[in-house]
Amino acid sequence: MMKSPLMKFLNRNPSVLIFLLILSVFTILITIGSEAFGFGFISTSLVKILGKTLCFCLVAISMDLVWGYCGILSLGHFAFFGLGGYMIGMWLMYERTRLIVLEAGKNAELPMTVQEIQNSIGSQIFGVVGGSEFPIIWTFSNFLWVQLLLIVFIPGLLALIFGWLAFRSRVTGVYLSILTQAMTLALALYLFQNDSGLRGNNGLSGLQNLPGLEDISQSVISMWFFWGSALALGLGYLFVKLIVESKLGNVIRGIRDNEQRMRFLGYNVEIYKLFIFTFTAIIAAIAGALYYPQAGIINPAELAPIASIYLAVWVAIGGRGRIYGAVIGAGVVSLLSSWLTGGQAPNISLGFIELKWVDWWLVLLGISFVLVTLYAPKGIGGLFDKLTKGARK
Amino acid sequence: MRSPHSLMDIKIMHRVLRLFVIIILFTTTAKAQPIFQDLVQSHALNIIKGSVKTAPKVIESIQRFGGKPTNKFLLEWQSKNLWSRRSDGLIFLVKSNDKKKYTLFDLETYDIVGIVKKNEIKQIKPNSGVRGLIGTALVSSQLTSNILANRIASLESLTRNPKRTHLEPLRKAILKESDPKVRSKMERLERLLTMQYDTDTVKRIAAIKSFSNDLGLDVRARLNPILETTLHLSQTPPKAGSYARILDINKTDRLTRTEAYDMIVKQGWATANISPKMKRTAIIKHIKNGRVAGFDIKDLNLETNRNLAYSRLTDSGLVSKDVNDTQIQLALNKTFFYEQYIEPSTQVVITAKNSLASIKTKVSISQGIDLFLDGLSLASIFFLAAIGLAITFGVMGVINMAHGEFIMMGAYTGYLIQQYITNYTLSIIIAIPIAFAVTFTAGVLMERLIIRHLYHRPLETLLATFGVSIALQQLAKNIFGTQARPLTSPDWLGGAWAINDVISISWIRVAIFGLSILFFVMLWFTLNKTRLGLETRAVTQNPRMAASMGINPDKINMLTFGLGSGIAGIAGIAIGLFAKVTSELGSDYIVQSFMTVVVGGVGNIWGTLAGAAMIGFLQKSIEWFNPSNTLAAQTFMIIFIIVFIQFRPRGIIALRGRAAGD
Amino acid sequence: MKKILLASALSIVATTSAIADIKVGILHSLSGTMAISETTLKDTMLMLIEQQNAKGGINGEKLVPVVVDPASDWPLFAEKARELLSVEDVDVIFGNWTSVSRKSVLPVIEELNGLLFYPVQYEGEESSKNVFYTGAAPNQQAIPATDYYLEELGVEKFALLGTDYVYPRTTNKILEQYLKDKGISKDDIFVNYTPFGHSDWSKIVSDVVALGADGKKVGVISTINGDANIGFYKELAAAGISADDIPVVAFSVGEEELAGLDTTNLVGHLAAWNYFQSAEGAINANFIETWKTTMGKDRVTNDPMEAHYIGFNMWVNAVKDAGTTDVDAVRAEMYGQKFPNLTGGIAEMLPNHHLTKPVLIGEIQDNGQFDIISQTSEVAGDAWTDFLASSAILKSDWKDLGCGMYNTETKSCVQLKSNY
């Protein structure tokens, strides 16, 4: 029997199948437990948390590709994540408001003119920032398909321009890291302005309500997004693995280990880096577009440099250069983080002092991060490797 | 528990006291006491609930009473020393030494009327508007007071709120004034008032001319009102010389086209413009059986149909006629909008104009200098925040994300020391070396425990030090809380150095500037002229070679890193003094600090200086272009830096050759 | 069919377990940038609940606080609100500080028909069926303070300085229009926005001073938020600007914020609130004493604390009156609820979900407290401002009209859910 290239690939990399299997089982379990489609012992808010975590895992994969495999420590990938959220948020917000306005217009004595509808939507959306005019960037917000394309296009373009500028002038190493950090800071500061056209510090809110689907309960919608996120994660894993295992993967690993050597070997290092940088930015943007409708609100604080740094933390703790490591890191750290700071975790009493997780979690995270970097540079994934190797022996 | 015996004592004391008070009351009430008190009580409501609207009447009425108690009463009212007794609403002068017992004094005789507890009386708190009015009312008497402080206070309140009527008392007061400083101030004020209020045009012109070189804000505040204009419109061209200027309605920013047209309509020279909203209301009014002017209402969702419907309504005379754009333009073209000076004397206007013009040029120059000083100050703050990094990152190549937290540690050290040493000057002097010691130790510890193991893995250093950063930041929150802590500068750093009314810079900023210069010189000297500096440079450029020359690279690295961190601690005190001490203090500066070093060029402190200067001045100039939005300035600055790095990836001052490394 | 049965069975289990106690959700940030302000409110709520339990709870049931930490992270507010309502089954939520966090929570609260008490002064232009706004609307703080400037201090030129976010933006927009209506020309209104935590104030302060060049009296209206105030006031003090020359009235600076400052050089500058710790009266003295004995003697009380105090007590009374914690029943009982203010007078809950509140203006003293120099009688809170044309026609009345956004021109309800 002829095997397709994909089958061959899967045969060579059983880990992909294992991952997809685990992901599917997980998805089915959650579905069975959900309020909407199952027994209901998993609350909608937990479904949302898990769905969001899947999105984090996806963006962590992209971070692993750009950092773990290509050696570019980007401290700005959450900028793309956030931009993706903004792009989908614009449509969600516009369309929801339009339906509200049309509904309200039904009672009016005169049918509304196009201009009146537009003005009304404008003052509803931009009323909070003291405006009512639609900025140019909202031109396409009434077309879902355009905004969907923009999710890929805008962050991709930003990554392309930024990457082109940076790699062309051979900015590398920590300089590049600082520069990417500056990029996300500039973007966040820009969005913080009220005049940015994206509602300043308020950001876009009410994103969990899908326009036209008000009658469908959040428990159902949250499952849709959960499935969407799981699917995206699965596909993302597959794609990234395909890249990593291809010749391209070898080249970028070569660049990571010694850029100069690859250049002497005749590879156009800049183009490779640019491709990976842009590609991962797009994955991050897609993850963001799936994340924010589940979170319900996006605002500039999401793009602050610290978010991107946490992304690096997840990948480092999970283990760089192994895609499942990124998934584990993002999943474990972000879930642990939200549980321990949620106030539900029991406090530890040391007799003379009561340790509150809310207060001490970040301290522990910081210290463990130092320890991982110093003593376990391969992260949790490294432990896995040791175990599996041990098993093979 | 209180014993019955002591309770007795108190009762007896009370009785004696009451007797005493009654005696005093009897001896004094026979005289004028009730009359003044009655007068005050008749205004009690307006005194207790003081407002600018009612206060002039009260003050006038009280001043008309005349005599000794009036001024004293007004002064005490002004300084919130009057209280009203809750039981009968009588107003007294009240003093208290210990905030437990309050002594009531009579308003005229100043005899003790009683001693009460706080809950028996209510303080009368005039707002600052009323206090200002009292101050102005007292000017003529206080200006010639025997007490210097009173004269100064009264002059101050006069400067704030001068009236035409004050000119004469002021001139009299100048003749009597003995203190030369106060006298010169009075004379200046006299000229200012002459400029505005004197009836003699010649005197006014002379006064205006005398100020043509003066940058004072008060001068401009008096000159500008002379040139104030009112807006007029006419259909014939205004007579030459009767107007200040004719406005071009298409260009002026004094009024918009719509406002201008509304003015024409108000004059009755044109009919009103009907807005789409008004049309909508009018159409709705005339709906009959779902139809208006031949339109089915469902078709009125188009702007054109609505306009058509409205004009049909106009034709049938149901609504007033609309005007179109050309008609509006025509009406605007036909009308002259012009400004007229309020000031009747043309000569005064011309002199004032000339004086103001000459002042304006000087003001713009001063503003330029002020902007330069602001930029310099911001640059020195950036430099101070980044100089530690210039050593650890710039010279050693170690990227320390916890640098900001070292700055924060320095600031908190300053705060802690102020908790124990309350003399601000002394506490700062002590805090500086201690802050250095604390962060030096922290730096050395970090170098030994973490960075030493990661010298060949710079990206990992970044991550590990970031871990330290979040841990330290959270630790600070746990210890000091999230509330900002006070770090107060000593009084001699409190004010501002004001060269004139435009150029001024706070002393603390001057001190920060001085400190950054000092650091720069010290570091330059250390790195270039001392053994440590030589060894540092050697170790940075080639650790193995340096080691073979007998230098201990471990020790040198540790000391250099400690030095960089220690300087961050001192910077923390300076930054805390002018801004705030919170756990996020460091992270506010970290990205900017790195950019300062990167933009300036890694490897020498000249670069950091250049980087800080560029960033500081750039940010201030962008702010100058767009003063209403500081955020935009920061955004554009970062974008500029990103682009700048593309063209000079090694920074402004790039090292050449081997020292540049890679 | 099976699913429905199962779901209802589960919901029965859920409700029976909830009957035992009354659960009060507390949704205030305990970490992150807003912890500085919000932690105090969490402590206030715990104190109030404890007091109520000491009195025997409500209708014989004990109150159980459920505290969560949304960590100053706006999306997390929505997540935690959902958790409180659907997992913890709380009967009421007291929470939020920033407007963004409120807007983040709104859709969740409305979807799950929860009940939120929001204790902070805000920009108005909102009225949700499920939120009671116990803080001041603009007409209960900003407008009276501006009137004070115009009438008492004779200010002719205004500098509106604010942090760049929704509350200052909307408030300043309302104020700008209000000032124009009062005859202040647009050239005499200077507006400036700075980012959160801004520290470089020298240029802005000198710009404000320069406004006085045309001889008009300048006043500053500050909506600067949080610790940016520290740098601002330090620069103000350094520039030697006395309150008599250029007064500054702040809407976001209370006793808590002044604790980070040496106020000797700021004496006389103003703040407008509905409550000051220095308000005289037995109820306030009692409240302060309880607070200090619970939390420590150097802790201060502030305006949002009073808002929670009133809101909580009104809710308790409404639950008593309704005999249940059911949201719709309690809401019906809330309208017209009266409770004494800490500063004197009576607060009343209006059908537009806002309170009647007295407006106080205080001058900063050298001990970090405020000297109250003006106190109005109670002002009714207005959800939709009268000073913007588009809002003036809107009215909120949940009691009789059943609508939070009722257009009085077209006589129709614009929308039932809020605009978030």
# chains A, B, ... in the order shown; residues from 1 in each chain; ligands from 1
>>> interface_residues(of="chain C", to="chain B", cutoff="6 Å", atoms="only C-alpha atoms", output="PDB file with N, CA and C atoms, in the first residue's frame")
ATOM      1  N   ILE C  36      -3.389  48.427  45.300  1.00  0.00           N
ATOM      2  CA  ILE C  36      -3.176  49.590  46.158  1.00  0.00           C
ATOM      3  C   ILE C  36      -4.513  50.168  46.654  1.00  0.00           C
ATOM      4  N   GLU C 152     -17.202  80.216  43.327  1.00  0.00           N
ATOM      5  CA  GLU C 152     -16.528  80.620  44.555  1.00  0.00           C
ATOM      6  C   GLU C 152     -15.119  81.133  44.292  1.00  0.00           C
ATOM      7  N   LEU C 153     -14.394  80.467  43.404  1.00  0.00           N
ATOM      8  CA  LEU C 153     -13.000  80.851  43.209  1.00  0.00           C
ATOM      9  C   LEU C 153     -12.827  81.770  42.005  1.00  0.00           C
ATOM     10  N   ASN C 192      -4.960  67.869  28.863  1.00  0.00           N
ATOM     11  CA  ASN C 192      -3.745  67.065  28.703  1.00  0.00           C
ATOM     12  C   ASN C 192      -3.933  65.679  29.320  1.00  0.00           C
ATOM     13  N   TYR C 193      -3.485  64.685  28.592  1.00  0.00           N
ATOM     14  CA  TYR C 193      -3.558  63.318  29.107  1.00  0.00           C
ATOM     15  C   TYR C 193      -2.170  62.719  29.238  1.00  0.00           C
ATOM     16  N   THR C 194      -1.959  62.007  30.308  1.00  0.00           N
ATOM     17  CA  THR C 194      -0.674  61.359  30.538  1.00  0.00           C
ATOM     18  C   THR C 194      -0.922  59.882  30.807  1.00  0.00           C
ATOM     19  N   PRO C 195       0.084  59.046  30.562  1.00  0.00           N
ATOM     20  CA  PRO C 195      -0.111  57.621  30.818  1.00  0.00           C
ATOM     21  C   PRO C 195      -0.183  57.300  32.311  1.00  0.00           C
ATOM     22  N   SER C 199       5.645  60.139  35.442  1.00  0.00           N
ATOM     23  CA  SER C 199       6.428  60.778  36.495  1.00  0.00           C
ATOM     24  C   SER C 199       7.104  62.067  36.071  1.00  0.00           C
ATOM     25  N   ALA C 213      -0.916  83.760  31.549  1.00  0.00           N
ATOM     26  CA  ALA C 213      -0.333  84.940  30.899  1.00  0.00           C
ATOM     27  C   ALA C 213      -1.364  85.940  30.402  1.00  0.00           C
ATOM     28  N   ASP C 214      -2.600  85.524  30.198  1.00  0.00           N
ATOM     29  CA  ASP C 214      -3.544  86.524  29.717  1.00  0.00           C
ATOM     30  C   ASP C 214      -4.405  87.110  30.837  1.00  0.00           C
ATOM     31  N   GLY C 215      -3.945  86.943  32.050  1.00  0.00           N
ATOM     32  CA  GLY C 215      -4.591  87.647  33.145  1.00  0.00           C
ATOM     33  C   GLY C 215      -5.832  86.994  33.685  1.00  0.00           C
ATOM     34  N   GLY C 231       4.145  62.194  41.730  1.00  0.00           N
ATOM     35  CA  GLY C 231       5.062  63.019  40.955  1.00  0.00           C
ATOM     36  C   GLY C 231       4.452  64.368  40.640  1.00  0.00           C
ATOM     37  N   ALA C 238       7.225  71.843  44.158  1.00  0.00           N
ATOM     38  CA  ALA C 238       8.549  72.379  43.823  1.00  0.00           C
ATOM     39  C   ALA C 238       8.421  73.688  43.067  1.00  0.00           C
ATOM     40  N   ALA C 239       7.423  73.772  42.202  1.00  0.00           N
ATOM     41  CA  ALA C 239       7.236  74.992  41.429  1.00  0.00           C
ATOM     42  C   ALA C 239       6.645  76.099  42.292  1.00  0.00           C
ATOM     43  N   GLY C 260       1.099  58.636  50.593  1.00  0.00           N
ATOM     44  CA  GLY C 260       2.419  58.487  49.985  1.00  0.00           C
ATOM     45  C   GLY C 260       3.144  59.807  49.793  1.00  0.00           C
ATOM     46  N   LEU C 261       2.685  60.851  50.450  1.00  0.00           N
ATOM     47  CA  LEU C 261       3.179  62.197  50.157  1.00  0.00           C
ATOM     48  C   LEU C 261       3.389  63.003  51.422  1.00  0.00           C
ATOM     49  N   ILE C 373     -14.750  72.263  53.312  1.00  0.00           N
ATOM     50  CA  ILE C 373     -15.121  73.672  53.270  1.00  0.00           C
ATOM     51  C   ILE C 373     -16.452  73.881  52.569  1.00  0.00           C
TER      52      ILE C 373
END
>>> select_by_dssp(residues="stretch 94-218 of chain B", states="strand (DSSP E)", output="JSON, numbers by chain")
{"B": [94, 95, 102, 103, 104, 105, 112, 113, 114, 115, 116, 121, 122, 123]}
>>> write_last_selection(atoms="N, CA and C atoms", output="PDB file, in the first residue's frame")
ATOM      1  N   VAL B  94     -11.937  81.209  68.898  1.00  0.00           N
ATOM      2  CA  VAL B  94     -11.621  80.025  69.684  1.00  0.00           C
ATOM      3  C   VAL B  94     -10.163  79.661  69.516  1.00  0.00           C
ATOM      4  N   LYS B  95      -9.550  79.324  70.648  1.00  0.00           N
ATOM      5  CA  LYS B  95      -8.174  78.819  70.569  1.00  0.00           C
ATOM      6  C   LYS B  95      -8.063  77.541  71.368  1.00  0.00           C
ATOM      7  N   TYR B 102     -11.204  73.655  74.366  1.00  0.00           N
ATOM      8  CA  TYR B 102     -11.236  74.813  73.473  1.00  0.00           C
ATOM      9  C   TYR B 102     -11.695  76.029  74.244  1.00  0.00           C
ATOM     10  N   THR B 103     -10.930  77.113  74.164  1.00  0.00           N
ATOM     11  CA  THR B 103     -11.266  78.312  74.908  1.00  0.00           C
ATOM     12  C   THR B 103     -12.008  79.281  73.997  1.00  0.00           C
ATOM     13  N   LEU B 104     -13.165  79.757  74.453  1.00  0.00           N
ATOM     14  CA  LEU B 104     -13.923  80.725  73.674  1.00  0.00           C
ATOM     15  C   LEU B 104     -13.576  82.136  74.129  1.00  0.00           C
ATOM     16  N   PHE B 105     -13.342  83.025  73.143  1.00  0.00           N
ATOM     17  CA  PHE B 105     -13.071  84.421  73.466  1.00  0.00           C
ATOM     18  C   PHE B 105     -14.164  85.296  72.880  1.00  0.00           C
ATOM     19  N   ILE B 112     -12.113  85.697  77.997  1.00  0.00           N
ATOM     20  CA  ILE B 112     -12.506  84.303  77.929  1.00  0.00           C
ATOM     21  C   ILE B 112     -13.985  84.167  78.261  1.00  0.00           C
ATOM     22  N   VAL B 113     -14.714  83.528  77.383  1.00  0.00           N
ATOM     23  CA  VAL B 113     -16.141  83.371  77.610  1.00  0.00           C
ATOM     24  C   VAL B 113     -16.435  81.983  78.169  1.00  0.00           C
ATOM     25  N   GLY B 114     -15.620  81.025  77.812  1.00  0.00           N
ATOM     26  CA  GLY B 114     -15.860  79.691  78.340  1.00  0.00           C
ATOM     27  C   GLY B 114     -14.833  78.720  77.800  1.00  0.00           C
ATOM     28  N   ILE B 115     -14.809  77.555  78.406  1.00  0.00           N
ATOM     29  CA  ILE B 115     -13.939  76.488  77.910  1.00  0.00           C
ATOM     30  C   ILE B 115     -14.835  75.299  77.616  1.00  0.00           C
ATOM     31  N   VAL B 116     -14.755  74.788  76.390  1.00  0.00           N
ATOM     32  CA  VAL B 116     -15.699  73.740  76.000  1.00  0.00           C
ATOM     33  C   VAL B 116     -14.960  72.578  75.343  1.00  0.00           C
ATOM     34  N   ILE B 121     -18.847  72.871  69.821  1.00  0.00           N
ATOM     35  CA  ILE B 121     -18.692  74.000  68.902  1.00  0.00           C
ATOM     36  C   ILE B 121     -18.361  73.476  67.502  1.00  0.00           C
ATOM     37  N   LYS B 122     -18.535  74.336  66.526  1.00  0.00           N
ATOM     38  CA  LYS B 122     -18.291  73.936  65.144  1.00  0.00           C
ATOM     39  C   LYS B 122     -17.426  74.996  64.484  1.00  0.00           C
ATOM     40  N   GLN B 123     -16.363  74.534  63.828  1.00  0.00           N
ATOM     41  CA  GLN B 123     -15.434  75.484  63.220  1.00  0.00           C
ATOM     42  C   GLN B 123     -16.045  76.114  61.966  1.00  0.00           C
TER      43      GLN B 123
END
>>> residues_around(residues="C:Glu79", least_positions_apart="3", cutoff="10 Å", atoms="only C-alpha atoms", output="PyMOL selection string")
(chain A and resi 45-46+48-49+294-296) or (chain C and resi 70+74-76+82-84+104-105+108)
>>> residues_around(residues="C:Gln415", least_positions_apart="2", cutoff="12 Å", atoms="only C-alpha atoms", output="ChimeraX atom specification")
/A:97-107,124 /C:126-129,394-396,402-407,412-413,417-419
>>> interface_residues(of="chain A", to="chain C", cutoff="6 Å", atoms="only C-alpha atoms", output="list in words")
Ser45, Ala104, Val129, Gly130, Asn201, Asn202, Ser205, Gly206, Ala295, Ile297, Gly342 and Gly343 of chain A
>>> closest_atom_pairs(of="chain A", to="chain B", cutoff="9 Å", atoms="only C-alpha atoms", output="tab-separated table")
residue	atom	partner	partner_atom	distance
A:Leu73	CA	B:Leu459	CA	7.4
A:Glu109	CA	B:Ile284	CA	6.7
A:Leu110	CA	B:Ile297	CA	6.3
A:Pro111	CA	B:Asn301	CA	5.1
A:Met112	CA	B:Asn301	CA	5.1
A:Thr113	CA	B:Asn301	CA	4.2
A:Val114	CA	B:Asn301	CA	7.2
A:Gln115	CA	B:Glu303	CA	8.1
A:Phe162	CA	B:Ile642	CA	8.8
A:Leu165	CA	B:Gln646	CA	6.1
A:Ala166	CA	B:Gln646	CA	6.3
A:Phe167	CA	B:Gln646	CA	8.9
A:Arg168	CA	B:Gln646	CA	7.9
A:Ser169	CA	B:Gln646	CA	5.6
A:Arg170	CA	B:Pro649	CA	7.8
A:Val171	CA	B:Pro649	CA	6.5
A:Gly173	CA	B:Leu459	CA	6.9
A:Val174	CA	B:Leu459	CA	6.2
A:Tyr175	CA	B:Val598	CA	7.5
A:Ser177	CA	B:Leu459	CA	8.6
A:Ile178	CA	B:Phe594	CA	7.3
A:Leu179	CA	B:Ile642	CA	6.6
A:Thr180	CA	B:Ile642	CA	8.9
A:Gln181	CA	B:Val591	CA	7.7
A:Ala182	CA	B:Ile638	CA	6.5
A:Met183	CA	B:Ile639	CA	7.4
A:Leu185	CA	B:Thr635	CA	8.1
A:Ala186	CA	B:Thr635	CA	4.9
A:Leu187	CA	B:Thr635	CA	7.4
A:Ala188	CA	B:Thr635	CA	8.6
A:Leu189	CA	B:Thr635	CA	5.8
A:Tyr190	CA	B:Thr635	CA	5.8
A:Phe192	CA	B:Leu631	CA	7.8
A:Gln193	CA	B:Leu631	CA	6.6
A:Ile309	CA	B:Phe466	CA	8.4
A:Ala312	CA	B:Leu463	CA	8.0
A:Val313	CA	B:Leu463	CA	7.6
A:Ala316	CA	B:Leu463	CA	8.6
A:Asp359	CA	B:Asn478	CA	6.3
A:Trp360	CA	B:Gln474	CA	7.4
A:Trp361	CA	B:Gln474	CA	8.7
A:Leu362	CA	B:Ala471	CA	6.0
A:Val363	CA	B:Ala471	CA	4.0
A:Leu364	CA	B:Ala471	CA	7.0
A:Leu365	CA	B:Ala471	CA	7.3
A:Gly366	CA	B:Gly467	CA	4.0
A:Ile367	CA	B:Gly467	CA	6.1
A:Ser368	CA	B:Gly467	CA	7.7
A:Phe369	CA	B:Gly467	CA	5.4
A:Val370	CA	B:Ala464	CA	4.5
A:Leu371	CA	B:Ala464	CA	7.9
A:Val372	CA	B:Ala464	CA	8.4
A:Thr373	CA	B:Ala464	CA	6.0
A:Leu374	CA	B:Ile450	CA	7.2
A:Pro377	CA	B:Glu460	CA	8.7
>>> residues_around(residues="B:Ala386", least_positions_apart="3", cutoff="12 Å", atoms="only C-alpha atoms", output="MDAnalysis selection string")
chainID B and resid 379:383 389:394 400:401 403:404 406:407 516 519:520 564:565 567:572 575 586 589:600 602 605 607:613 615
>>> atom_distance(atom1="atom CA of C:Phe132", atom2="atom CA of C:Lys399")
13.0 Å
>>> residues_around(residues="B:Tyr341", least_positions_apart="6", cutoff="12 Å", atoms="only C-alpha atoms", output="JSON, numbers by chain")
{"B": [224, 225, 226, 227, 228, 229, 230, 231, 232, 241, 242, 243, 244, 245, 347, 348, 349, 350, 352, 353]}
>>> select_by_dssp(residues="stretch 186-280 of chain A", states="helix (DSSP H, G or I)", output="PyMOL selection string")
chain A and resi 186-192+194-196+200-202+218-245+247-257+259-264+269-280
>>> residues_around(residues="stretch 175-181 of chain C", least_positions_apart="2", cutoff="9 Å", atoms="only C-alpha atoms", output="JSON list (two decimals) with C-alpha atoms, in the first residue's frame")
[["chain", "number", "residue", "atom", "x", "y", "z"],
["C", 138, "PRO", "CA", -20.27, 63.05, 37.18],
["C", 142, "ALA", "CA", -17.26, 66.78, 38.75],
["C", 143, "ILE", "CA", -20.04, 69.24, 38.02],
["C", 146, "THR", "CA", -16.58, 72.88, 38.60],
["C", 158, "PHE", "CA", -9.30, 75.62, 33.06],
["C", 160, "LEU", "CA", -8.10, 69.57, 32.63],
["C", 170, "THR", "CA", -15.50, 61.05, 29.50],
["C", 171, "THR", "CA", -15.50, 63.34, 32.52],
["C", 172, "ASN", "CA", -13.44, 65.93, 30.69],
["C", 173, "LYS", "CA", -15.69, 65.69, 27.67],
["C", 183, "GLY", "CA", -19.60, 80.80, 28.59],
["C", 184, "ILE", "CA", -15.97, 79.68, 28.87],
["C", 185, "SER", "CA", -14.38, 79.85, 25.44],
["C", 186, "LYS", "CA", -12.70, 76.75, 24.07],
["C", 189, "ILE", "CA", -9.74, 75.07, 28.26],
["C", 387, "PHE", "CA", -24.64, 68.19, 29.31],
["C", 388, "LEU", "CA", -24.03, 66.13, 26.20]]
>>> closest_residue(among="A:Ile252, A:Leu233, A:Ala79, A:Ala376", to="A:Ile61", atoms="only C-alpha atoms")
A:Leu233
>>> atom_distance(atom1="atom CA of B:Phe372", atom2="atom CA of C:Thr223")
28.3 Å
